[in-house]
file input.cif (mmCIF, N, CA and C atoms and all ligand atoms)
data_query
#
loop_
_atom_site.group_PDB
_atom_site.id
_atom_site.type_symbol
_atom_site.label_atom_id
_atom_site.label_comp_id
_atom_site.auth_asym_id
_atom_site.auth_seq_id
_atom_site.Cartn_x
_atom_site.Cartn_y
_atom_site.Cartn_z
ATOM 1 N N MET O 1 -189.407 -87.327 -90.532
ATOM 2 C CA MET O 1 -189.835 -88.659 -90.125
ATOM 3 C C MET O 1 -188.722 -89.673 -90.365
ATOM 4 N N GLY O 2 -188.667 -90.676 -89.539
ATOM 5 C CA GLY O 2 -187.677 -91.708 -89.712
ATOM 6 C C GLY O 2 -186.313 -91.344 -89.146
ATOM 7 N N ASP O 3 -186.168 -90.141 -88.688
ATOM 8 C CA ASP O 3 -184.900 -89.724 -88.092
ATOM 9 C C ASP O 3 -184.992 -89.930 -86.592
ATOM 10 N N ASP O 4 -184.279 -90.947 -86.096
ATOM 11 C CA ASP O 4 -184.394 -91.216 -84.668
ATOM 12 C C ASP O 4 -183.160 -90.772 -83.894
ATOM 13 N N ALA O 5 -182.526 -89.732 -84.365
ATOM 14 C CA ALA O 5 -181.364 -89.193 -83.662
ATOM 15 C C ALA O 5 -181.769 -88.450 -82.390
ATOM 16 N N GLY O 6 -183.050 -88.356 -82.150
ATOM 17 C CA GLY O 6 -183.518 -87.678 -80.956
ATOM 18 C C GLY O 6 -183.981 -86.282 -81.294
ATOM 19 N N PRO O 7 -184.903 -85.810 -80.513
ATOM 20 C CA PRO O 7 -185.432 -84.477 -80.798
ATOM 21 C C PRO O 7 -184.370 -83.414 -80.543
ATOM 22 N N VAL O 8 -184.325 -82.444 -81.385
ATOM 23 C CA VAL O 8 -183.424 -81.318 -81.174
ATOM 24 C C VAL O 8 -184.169 -80.262 -80.370
ATOM 25 N N VAL O 9 -183.571 -79.903 -79.268
ATOM 26 C CA VAL O 9 -184.202 -78.907 -78.417
ATOM 27 C C VAL O 9 -183.660 -77.539 -78.802
ATOM 28 N N ALA O 10 -184.517 -76.702 -79.302
ATOM 29 C CA ALA O 10 -184.096 -75.357 -79.673
ATOM 30 C C ALA O 10 -183.977 -74.485 -78.427
ATOM 31 N N TYR O 11 -183.061 -73.529 -78.498
ATOM 32 C CA TYR O 11 -182.918 -72.613 -77.377
ATOM 33 C C TYR O 11 -184.177 -71.779 -77.208
ATOM 34 N N GLU O 12 -184.687 -71.767 -76.001
ATOM 35 C CA GLU O 12 -185.868 -70.960 -75.730
ATOM 36 C C GLU O 12 -185.897 -70.671 -74.238
ATOM 37 N N GLU O 13 -186.075 -69.420 -73.898
ATOM 38 C CA GLU O 13 -186.119 -69.076 -72.479
ATOM 39 C C GLU O 13 -187.526 -69.346 -71.962
ATOM 40 N N VAL O 14 -187.648 -70.492 -71.316
ATOM 41 C CA VAL O 14 -188.967 -70.932 -70.859
ATOM 42 C C VAL O 14 -188.848 -71.513 -69.456
ATOM 43 N N THR O 15 -189.941 -71.490 -68.757
ATOM 44 C CA THR O 15 -190.022 -72.201 -67.496
ATOM 45 C C THR O 15 -191.349 -72.936 -67.471
ATOM 46 N N ALA O 16 -191.441 -73.932 -66.632
ATOM 47 C CA ALA O 16 -192.677 -74.706 -66.501
ATOM 48 C C ALA O 16 -192.679 -75.323 -65.116
ATOM 49 N N ALA O 17 -193.841 -75.499 -64.577
ATOM 50 C CA ALA O 17 -193.931 -76.086 -63.243
ATOM 51 C C ALA O 17 -193.284 -77.467 -63.216
ATOM 52 N N GLU O 18 -193.410 -78.198 -64.319
ATOM 53 C CA GLU O 18 -192.863 -79.555 -64.320
ATOM 54 C C GLU O 18 -191.337 -79.552 -64.261
ATOM 55 N N PHE O 19 -190.688 -78.487 -64.711
ATOM 56 C CA PHE O 19 -189.227 -78.431 -64.595
ATOM 57 C C PHE O 19 -188.829 -78.520 -63.126
ATOM 58 N N GLY O 20 -189.495 -77.728 -62.309
ATOM 59 C CA GLY O 20 -189.167 -77.728 -60.882
ATOM 60 C C GLY O 20 -189.484 -79.061 -60.228
ATOM 61 N N VAL O 21 -190.583 -79.662 -60.642
ATOM 62 C CA VAL O 21 -190.985 -80.946 -60.076
ATOM 63 C C VAL O 21 -189.966 -82.028 -60.431
ATOM 64 N N ARG O 22 -189.588 -82.052 -61.711
ATOM 65 C CA ARG O 22 -188.607 -83.053 -62.141
ATOM 66 C C ARG O 22 -187.257 -82.837 -61.470
ATOM 67 N N ALA O 23 -186.831 -81.594 -61.435
ATOM 68 C CA ALA O 23 -185.517 -81.317 -60.869
ATOM 69 C C ALA O 23 -185.485 -81.640 -59.378
ATOM 70 N N ALA O 24 -186.616 -81.413 -58.711
ATOM 71 C CA ALA O 24 -186.652 -81.710 -57.275
ATOM 72 C C ALA O 24 -186.436 -83.203 -57.031
ATOM 73 N N ARG O 25 -186.854 -84.026 -57.974
ATOM 74 C CA ARG O 25 -186.688 -85.475 -57.820
ATOM 75 C C ARG O 25 -185.302 -85.939 -58.201
ATOM 76 N N THR O 26 -184.721 -85.304 -59.189
ATOM 77 C CA THR O 26 -183.500 -85.863 -59.765
ATOM 78 C C THR O 26 -182.226 -85.138 -59.345
ATOM 79 N N PHE O 27 -182.338 -83.912 -58.912
ATOM 80 C CA PHE O 27 -181.127 -83.170 -58.565
ATOM 81 C C PHE O 27 -180.642 -83.549 -57.177
ATOM 82 N N THR O 28 -179.339 -83.557 -57.057
ATOM 83 C CA THR O 28 -178.740 -83.752 -55.753
ATOM 84 C C THR O 28 -178.125 -82.425 -55.314
ATOM 85 N N VAL O 29 -178.062 -82.242 -54.016
ATOM 86 C CA VAL O 29 -177.466 -81.036 -53.457
ATOM 87 C C VAL O 29 -176.364 -81.468 -52.523
ATOM 88 N N GLU O 30 -175.179 -80.957 -52.738
ATOM 89 C CA GLU O 30 -174.133 -81.234 -51.771
ATOM 90 C C GLU O 30 -173.440 -79.946 -51.381
ATOM 91 N N GLN O 31 -173.011 -79.923 -50.145
ATOM 92 C CA GLN O 31 -172.282 -78.751 -49.677
ATOM 93 C C GLN O 31 -170.811 -78.984 -49.948
ATOM 94 N N VAL O 32 -170.253 -78.211 -50.867
ATOM 95 C CA VAL O 32 -168.868 -78.438 -51.262
ATOM 96 C C VAL O 32 -167.895 -77.685 -50.367
ATOM 97 N N GLU O 33 -168.345 -76.611 -49.789
ATOM 98 C CA GLU O 33 -167.567 -75.895 -48.785
ATOM 99 C C GLU O 33 -168.544 -75.004 -48.036
ATOM 100 N N PRO O 34 -168.135 -74.508 -46.888
ATOM 101 C CA PRO O 34 -169.106 -73.722 -46.121
ATOM 102 C C PRO O 34 -169.675 -72.570 -46.941
ATOM 103 N N GLY O 35 -170.994 -72.543 -47.024
ATOM 104 C CA GLY O 35 -171.656 -71.470 -47.746
ATOM 105 C C GLY O 35 -171.820 -71.710 -49.228
ATOM 106 N N VAL O 36 -171.321 -72.831 -49.717
ATOM 107 C CA VAL O 36 -171.460 -73.116 -51.150
ATOM 108 C C VAL O 36 -172.097 -74.483 -51.343
ATOM 109 N N LEU O 37 -173.243 -74.478 -51.987
ATOM 110 C CA LEU O 37 -173.921 -75.724 -52.325
ATOM 111 C C LEU O 37 -173.749 -75.976 -53.808
ATOM 112 N N LEU O 38 -173.649 -77.250 -54.151
ATOM 113 C CA LEU O 38 -173.570 -77.596 -55.560
ATOM 114 C C LEU O 38 -174.762 -78.462 -55.919
ATOM 115 N N LEU O 39 -175.589 -77.939 -56.825
ATOM 116 C CA LEU O 39 -176.722 -78.706 -57.335
ATOM 117 C C LEU O 39 -176.268 -79.455 -58.575
ATOM 118 N N GLY O 40 -176.682 -80.691 -58.708
ATOM 119 C CA GLY O 40 -176.303 -81.440 -59.890
ATOM 120 C C GLY O 40 -177.419 -82.369 -60.333
ATOM 121 N N GLY O 41 -177.587 -82.500 -61.642
ATOM 122 C CA GLY O 41 -178.595 -83.406 -62.167
ATOM 123 C C GLY O 41 -178.880 -83.086 -63.617
ATOM 124 N N PRO O 42 -179.772 -83.869 -64.202
ATOM 125 C CA PRO O 42 -180.117 -83.636 -65.597
ATOM 126 C C PRO O 42 -181.087 -82.473 -65.755
ATOM 127 N N CYS O 43 -180.813 -81.633 -66.727
ATOM 128 C CA CYS O 43 -181.732 -80.541 -67.025
ATOM 129 C C CYS O 43 -183.094 -81.126 -67.371
ATOM 130 N N PRO O 44 -184.157 -80.638 -66.760
ATOM 131 C CA PRO O 44 -185.489 -81.199 -67.035
ATOM 132 C C PRO O 44 -185.993 -80.881 -68.447
ATOM 133 N N ARG O 45 -185.312 -80.017 -69.136
ATOM 134 C CA ARG O 45 -185.765 -79.727 -70.509
ATOM 135 C C ARG O 45 -184.923 -80.460 -71.540
ATOM 136 N N CYS O 46 -183.589 -80.379 -71.440
ATOM 137 C CA CYS O 46 -182.749 -80.964 -72.495
ATOM 138 C C CYS O 46 -181.993 -82.200 -72.022
ATOM 139 N N ASP O 47 -182.099 -82.544 -70.740
ATOM 140 C CA ASP O 47 -181.505 -83.760 -70.192
ATOM 141 C C ASP O 47 -179.990 -83.755 -70.078
ATOM 142 N N ALA O 48 -179.345 -82.671 -70.396
ATOM 143 C CA ALA O 48 -177.900 -82.601 -70.188
ATOM 144 C C ALA O 48 -177.634 -82.509 -68.689
ATOM 145 N N VAL O 49 -176.609 -83.202 -68.246
ATOM 146 C CA VAL O 49 -176.273 -83.134 -66.828
ATOM 147 C C VAL O 49 -175.514 -81.840 -66.574
ATOM 148 N N ILE O 50 -176.024 -81.094 -65.634
ATOM 149 C CA ILE O 50 -175.426 -79.795 -65.326
ATOM 150 C C ILE O 50 -175.155 -79.709 -63.837
ATOM 151 N N SER O 51 -174.248 -78.836 -63.464
ATOM 152 C CA SER O 51 -174.051 -78.577 -62.042
ATOM 153 C C SER O 51 -174.002 -77.077 -61.835
ATOM 154 N N ILE O 52 -174.648 -76.672 -60.768
ATOM 155 C CA ILE O 52 -174.884 -75.255 -60.541
ATOM 156 C C ILE O 52 -174.488 -74.907 -59.114
ATOM 157 N N PRO O 53 -173.499 -74.057 -58.939
ATOM 158 C CA PRO O 53 -173.161 -73.652 -57.575
ATOM 159 C C PRO O 53 -174.154 -72.622 -57.041
ATOM 160 N N ILE O 54 -174.489 -72.785 -55.775
ATOM 161 C CA ILE O 54 -175.379 -71.831 -55.107
ATOM 162 C C ILE O 54 -174.606 -71.292 -53.911
ATOM 163 N N PHE O 55 -174.477 -70.012 -53.850
ATOM 164 C CA PHE O 55 -173.759 -69.408 -52.735
ATOM 165 C C PHE O 55 -174.775 -69.068 -51.661
ATOM 166 N N ASP O 56 -174.637 -69.754 -50.566
ATOM 167 C CA ASP O 56 -175.675 -69.689 -49.550
ATOM 168 C C ASP O 56 -175.537 -68.426 -48.714
ATOM 169 N N ARG O 57 -176.302 -67.448 -49.116
ATOM 170 C CA ARG O 57 -176.212 -66.145 -48.462
ATOM 171 C C ARG O 57 -176.776 -66.158 -47.052
ATOM 172 N N VAL O 58 -177.501 -67.204 -46.720
ATOM 173 C CA VAL O 58 -178.104 -67.260 -45.392
ATOM 174 C C VAL O 58 -177.053 -67.096 -44.301
ATOM 175 N N PHE O 59 -175.864 -67.652 -44.571
ATOM 176 C CA PHE O 59 -174.841 -67.610 -43.542
ATOM 177 C C PHE O 59 -174.319 -66.202 -43.282
ATOM 178 N N ARG O 60 -174.637 -65.298 -44.176
ATOM 179 C CA ARG O 60 -174.175 -63.925 -43.946
ATOM 180 C C ARG O 60 -175.234 -63.073 -43.263
ATOM 181 N N TYR O 61 -176.434 -63.600 -43.170
ATOM 182 C CA TYR O 61 -177.485 -62.834 -42.523
ATOM 183 C C TYR O 61 -177.484 -63.141 -41.037
ATOM 184 N N GLY O 62 -176.587 -62.508 -40.321
ATOM 185 C CA GLY O 62 -176.431 -62.848 -38.912
ATOM 186 C C GLY O 62 -177.486 -62.233 -38.020
ATOM 187 N N GLY O 63 -178.008 -61.092 -38.378
ATOM 188 C CA GLY O 63 -178.826 -60.345 -37.439
ATOM 189 C C GLY O 63 -180.320 -60.452 -37.650
ATOM 190 N N GLY O 64 -180.769 -61.536 -38.245
ATOM 191 C CA GLY O 64 -182.203 -61.678 -38.483
ATOM 192 C C GLY O 64 -182.981 -61.752 -37.187
ATOM 193 N N SER O 65 -184.199 -61.252 -37.218
ATOM 194 C CA SER O 65 -184.996 -61.250 -36.000
ATOM 195 C C SER O 65 -185.922 -62.451 -35.936
ATOM 196 N N ALA O 66 -186.453 -62.853 -37.066
ATOM 197 C CA ALA O 66 -187.393 -63.969 -37.063
ATOM 198 C C ALA O 66 -186.634 -65.284 -36.961
ATOM 199 N N GLY O 67 -187.158 -66.191 -36.141
ATOM 200 C CA GLY O 67 -186.490 -67.467 -35.977
ATOM 201 C C GLY O 67 -187.007 -68.543 -36.902
ATOM 202 N N GLU O 68 -187.952 -68.217 -37.711
ATOM 203 C CA GLU O 68 -188.564 -69.247 -38.549
ATOM 204 C C GLU O 68 -187.646 -69.615 -39.712
ATOM 205 N N LYS O 69 -187.799 -70.862 -40.124
ATOM 206 C CA LYS O 69 -187.012 -71.332 -41.254
ATOM 207 C C LYS O 69 -187.932 -71.614 -42.432
ATOM 208 N N ALA O 70 -188.040 -70.669 -43.292
ATOM 209 C CA ALA O 70 -188.821 -70.889 -44.502
ATOM 210 C C ALA O 70 -187.892 -71.467 -45.549
ATOM 211 N N PRO O 71 -188.424 -72.317 -46.415
ATOM 212 C CA PRO O 71 -187.568 -72.772 -47.515
ATOM 213 C C PRO O 71 -187.190 -71.591 -48.391
ATOM 214 N N ARG O 72 -185.976 -71.622 -48.863
ATOM 215 C CA ARG O 72 -185.539 -70.555 -49.749
ATOM 216 C C ARG O 72 -185.704 -71.023 -51.170
ATOM 217 N N TYR O 73 -186.066 -70.121 -52.019
ATOM 218 C CA TYR O 73 -186.200 -70.473 -53.422
ATOM 219 C C TYR O 73 -185.104 -69.816 -54.227
ATOM 220 N N GLU O 74 -184.476 -70.634 -55.037
ATOM 221 C CA GLU O 74 -183.431 -70.132 -55.916
ATOM 222 C C GLU O 74 -183.873 -70.399 -57.347
ATOM 223 N N THR O 75 -183.599 -69.459 -58.204
ATOM 224 C CA THR O 75 -183.873 -69.690 -59.614
ATOM 225 C C THR O 75 -182.650 -70.333 -60.248
ATOM 226 N N VAL O 76 -182.880 -71.448 -60.893
ATOM 227 C CA VAL O 76 -181.814 -72.210 -61.524
ATOM 228 C C VAL O 76 -181.990 -72.107 -63.036
ATOM 229 N N VAL O 77 -180.887 -71.923 -63.715
ATOM 230 C CA VAL O 77 -180.908 -71.794 -65.168
ATOM 231 C C VAL O 77 -180.060 -72.910 -65.753
ATOM 232 N N CYS O 78 -180.538 -73.521 -66.808
ATOM 233 C CA CYS O 78 -179.750 -74.562 -67.465
ATOM 234 C C CYS O 78 -178.436 -73.974 -67.958
ATOM 235 N N THR O 79 -177.335 -74.668 -67.639
ATOM 236 C CA THR O 79 -176.015 -74.171 -68.037
ATOM 237 C C THR O 79 -175.264 -75.197 -68.881
ATOM 238 N N CYS O 80 -175.978 -76.029 -69.581
ATOM 239 C CA CYS O 80 -175.307 -77.053 -70.386
ATOM 240 C C CYS O 80 -174.497 -76.393 -71.495
ATOM 241 N N ASP O 81 -173.541 -77.163 -72.027
ATOM 242 C CA ASP O 81 -172.796 -76.611 -73.162
ATOM 243 C C ASP O 81 -173.074 -77.373 -74.444
ATOM 244 N N GLU O 82 -174.217 -78.027 -74.471
ATOM 245 C CA GLU O 82 -174.644 -78.639 -75.722
ATOM 246 C C GLU O 82 -175.086 -77.548 -76.682
ATOM 247 N N PRO O 83 -175.021 -77.859 -77.969
ATOM 248 C CA PRO O 83 -175.546 -76.884 -78.924
ATOM 249 C C PRO O 83 -177.066 -76.898 -78.942
ATOM 250 N N HIS O 84 -177.645 -75.734 -78.877
ATOM 251 C CA HIS O 84 -179.096 -75.623 -79.040
ATOM 252 C C HIS O 84 -179.356 -74.569 -80.103
ATOM 253 N N PRO O 85 -180.027 -74.936 -81.163
ATOM 254 C CA PRO O 85 -180.247 -73.989 -82.266
ATOM 255 C C PRO O 85 -180.944 -72.727 -81.781
ATOM 256 N N GLY O 86 -180.455 -71.599 -82.249
ATOM 257 C CA GLY O 86 -181.093 -70.341 -81.919
ATOM 258 C C GLY O 86 -180.537 -69.671 -80.675
ATOM 259 N N ARG O 87 -179.526 -70.282 -80.064
ATOM 260 C CA ARG O 87 -178.982 -69.703 -78.834
ATOM 261 C C ARG O 87 -178.062 -68.534 -79.158
ATOM 262 N N PRO O 88 -178.281 -67.422 -78.480
ATOM 263 C CA PRO O 88 -177.355 -66.290 -78.662
ATOM 264 C C PRO O 88 -175.947 -66.701 -78.223
ATOM 265 N N GLU O 89 -174.931 -66.147 -78.860
ATOM 266 C CA GLU O 89 -173.567 -66.563 -78.571
ATOM 267 C C GLU O 89 -173.140 -66.290 -77.145
ATOM 268 N N SER O 90 -173.764 -65.320 -76.518
ATOM 269 C CA SER O 90 -173.365 -64.979 -75.159
ATOM 270 C C SER O 90 -174.025 -65.868 -74.120
ATOM 271 N N ARG O 91 -174.841 -66.803 -74.552
ATOM 272 C CA ARG O 91 -175.588 -67.620 -73.601
ATOM 273 C C ARG O 91 -175.084 -69.048 -73.583
ATOM 274 N N VAL O 92 -175.422 -69.731 -72.481
ATOM 275 C CA VAL O 92 -175.211 -71.165 -72.404
ATOM 276 C C VAL O 92 -176.549 -71.799 -72.078
ATOM 277 N N GLY O 93 -176.579 -73.117 -72.170
ATOM 278 C CA GLY O 93 -177.786 -73.829 -71.785
ATOM 279 C C GLY O 93 -178.833 -73.840 -72.880
ATOM 280 N N CYS O 94 -179.997 -74.403 -72.506
ATOM 281 C CA CYS O 94 -181.084 -74.508 -73.480
ATOM 282 C C CYS O 94 -182.122 -73.426 -73.252
ATOM 283 N N GLY O 95 -181.914 -72.596 -72.231
ATOM 284 C CA GLY O 95 -182.846 -71.507 -71.963
ATOM 285 C C GLY O 95 -183.830 -71.809 -70.854
ATOM 286 N N ALA O 96 -183.869 -73.075 -70.412
ATOM 287 C CA ALA O 96 -184.822 -73.433 -69.369
ATOM 288 C C ALA O 96 -184.413 -72.828 -68.032
ATOM 289 N N PHE O 97 -185.379 -72.386 -67.280
ATOM 290 C CA PHE O 97 -185.118 -71.952 -65.909
ATOM 291 C C PHE O 97 -186.274 -72.367 -65.035
ATOM 292 N N TRP O 98 -185.968 -72.558 -63.773
ATOM 293 C CA TRP O 98 -186.996 -73.020 -62.851
ATOM 294 C C TRP O 98 -186.569 -72.687 -61.436
ATOM 295 N N ALA O 99 -187.507 -72.768 -60.521
ATOM 296 C CA ALA O 99 -187.221 -72.460 -59.121
ATOM 297 C C ALA O 99 -187.112 -73.750 -58.326
ATOM 298 N N ILE O 100 -186.156 -73.771 -57.421
ATOM 299 C CA ILE O 100 -186.055 -74.903 -56.519
ATOM 300 C C ILE O 100 -186.122 -74.392 -55.087
ATOM 301 N N GLY O 101 -186.701 -75.181 -54.233
ATOM 302 C CA GLY O 101 -186.756 -74.836 -52.816
ATOM 303 C C GLY O 101 -185.610 -75.522 -52.084
ATOM 304 N N LEU O 102 -184.913 -74.785 -51.262
ATOM 305 C CA LEU O 102 -183.833 -75.353 -50.470
ATOM 306 C C LEU O 102 -184.225 -75.265 -49.004
ATOM 307 N N ARG O 103 -184.158 -76.372 -48.334
ATOM 308 C CA ARG O 103 -184.411 -76.332 -46.897
ATOM 309 C C ARG O 103 -183.103 -76.526 -46.180
ATOM 310 N N GLU O 104 -183.001 -75.851 -45.074
ATOM 311 C CA GLU O 104 -181.779 -75.985 -44.298
ATOM 312 C C GLU O 104 -181.894 -77.163 -43.360
ATOM 313 N N GLY O 105 -180.777 -77.841 -43.211
ATOM 314 C CA GLY O 105 -180.693 -78.888 -42.215
ATOM 315 C C GLY O 105 -181.493 -80.123 -42.585
ATOM 316 N N PRO O 106 -181.400 -81.153 -41.744
ATOM 317 C CA PRO O 106 -182.143 -82.380 -42.000
ATOM 318 C C PRO O 106 -183.625 -82.147 -41.803
ATOM 319 N N SER O 107 -184.428 -82.801 -42.598
ATOM 320 C CA SER O 107 -185.865 -82.593 -42.485
ATOM 321 C C SER O 107 -186.521 -83.804 -41.834
HETATM 322 ZN ZN ZN O 201 -181.223 -77.558 -70.574
HETATM 323 ZN ZN ZN O 202 -178.911 -78.512 -73.176
#
call {"tool": "encode", "arguments": {"input": "input.cif", "output": "structure tokens"}}
result
Amino acid sequence: MGDDAGPVVAYEEVTAAEFGVRAARTFTVEQVEPGVLLLGGPCPRCDAVISIPIFDRVFRYGGGSAGEKAPRYETVVCTCDEPHPGRPESRVGCGAFWAIGLREGPS
């Protein structure tokens, strides 16, 4: 009590529906080069700003038969380099992961 340095987020591999909801509002997506998207924004669990490259495999699927465009879902994992107690040395981030939907083209 009385310590207002902010809550310490311990490393924990967790997901929650609200992570995806928050990230959908706050993350930006930019295409940095053909086939590579860069997601950027604050982690919905620990608030560290992270950026995550997504390699858009859609461009390699040339021979698809269906013409429909369904949103693609990618699993995003927090990759911050802040210290989180309990994190294995081989890991980064706070352990949070969530799914984001990517739609192609303007909506
Ligand atoms: Zn995080
Ligand atoms: Zn973090």
call {"tool": "residues_around", "arguments": {"input": "input.cif", "residues": "O:Thr26", "least_positions_apart": "2", "cutoff": "7 Å", "atoms": "all atoms listed in the file", "output": "CSV table (one decimal) with N, CA and C atoms, in the coordinates of the input"}}
result
chain,number,residue,atom,x,y,z
O,21,VAL,N,-190.6,-79.7,-60.6
O,21,VAL,CA,-191.0,-80.9,-60.1
O,21,VAL,C,-190.0,-82.0,-60.4
O,22,ARG,N,-189.6,-82.1,-61.7
O,22,ARG,CA,-188.6,-83.1,-62.1
O,22,ARG,C,-187.3,-82.8,-61.5
O,23,ALA,N,-186.8,-81.6,-61.4
O,23,ALA,CA,-185.5,-81.3,-60.9
O,23,ALA,C,-185.5,-81.6,-59.4
O,24,ALA,N,-186.6,-81.4,-58.7
O,24,ALA,CA,-186.7,-81.7,-57.3
O,24,ALA,C,-186.4,-83.2,-57.0
O,28,THR,N,-179.3,-83.6,-57.1
O,28,THR,CA,-178.7,-83.8,-55.8
O,28,THR,C,-178.1,-82.4,-55.3
O,40,GLY,N,-176.7,-80.7,-58.7
O,40,GLY,CA,-176.3,-81.4,-59.9
O,40,GLY,C,-177.4,-82.4,-60.3
O,41,GLY,N,-177.6,-82.5,-61.6
O,41,GLY,CA,-178.6,-83.4,-62.2
O,41,GLY,C,-178.9,-83.1,-63.6
O,42,PRO,N,-179.8,-83.9,-64.2
O,42,PRO,CA,-180.1,-83.6,-65.6
O,42,PRO,C,-181.1,-82.5,-65.8
call {"tool": "resolve_selection", "arguments": {"input": "input.cif", "expression": "the PyMOL selection byres (((not hetatm) and name CA) within 12 of (chain O and resi 202))", "output": "NGL selection string"}}
result
:O and (7-13 or 42-50 or 77-85 or 87 or 91-97)
call {"tool": "atom_distance", "arguments": {"input": "input.cif", "atom1": "atom CA of O:Arg25", "atom2": "atom C of O:Ile54"}}
result
19.0 Å
call {"tool": "resolve_selection", "arguments": {"input": "input.cif", "expression": "the PyMOL selection byres (((chain O and resi 35) around 5) and not hetatm)", "output": "VMD selection string"}}
result
chain O and resid 33 to 34 36 to 37 55 to 56
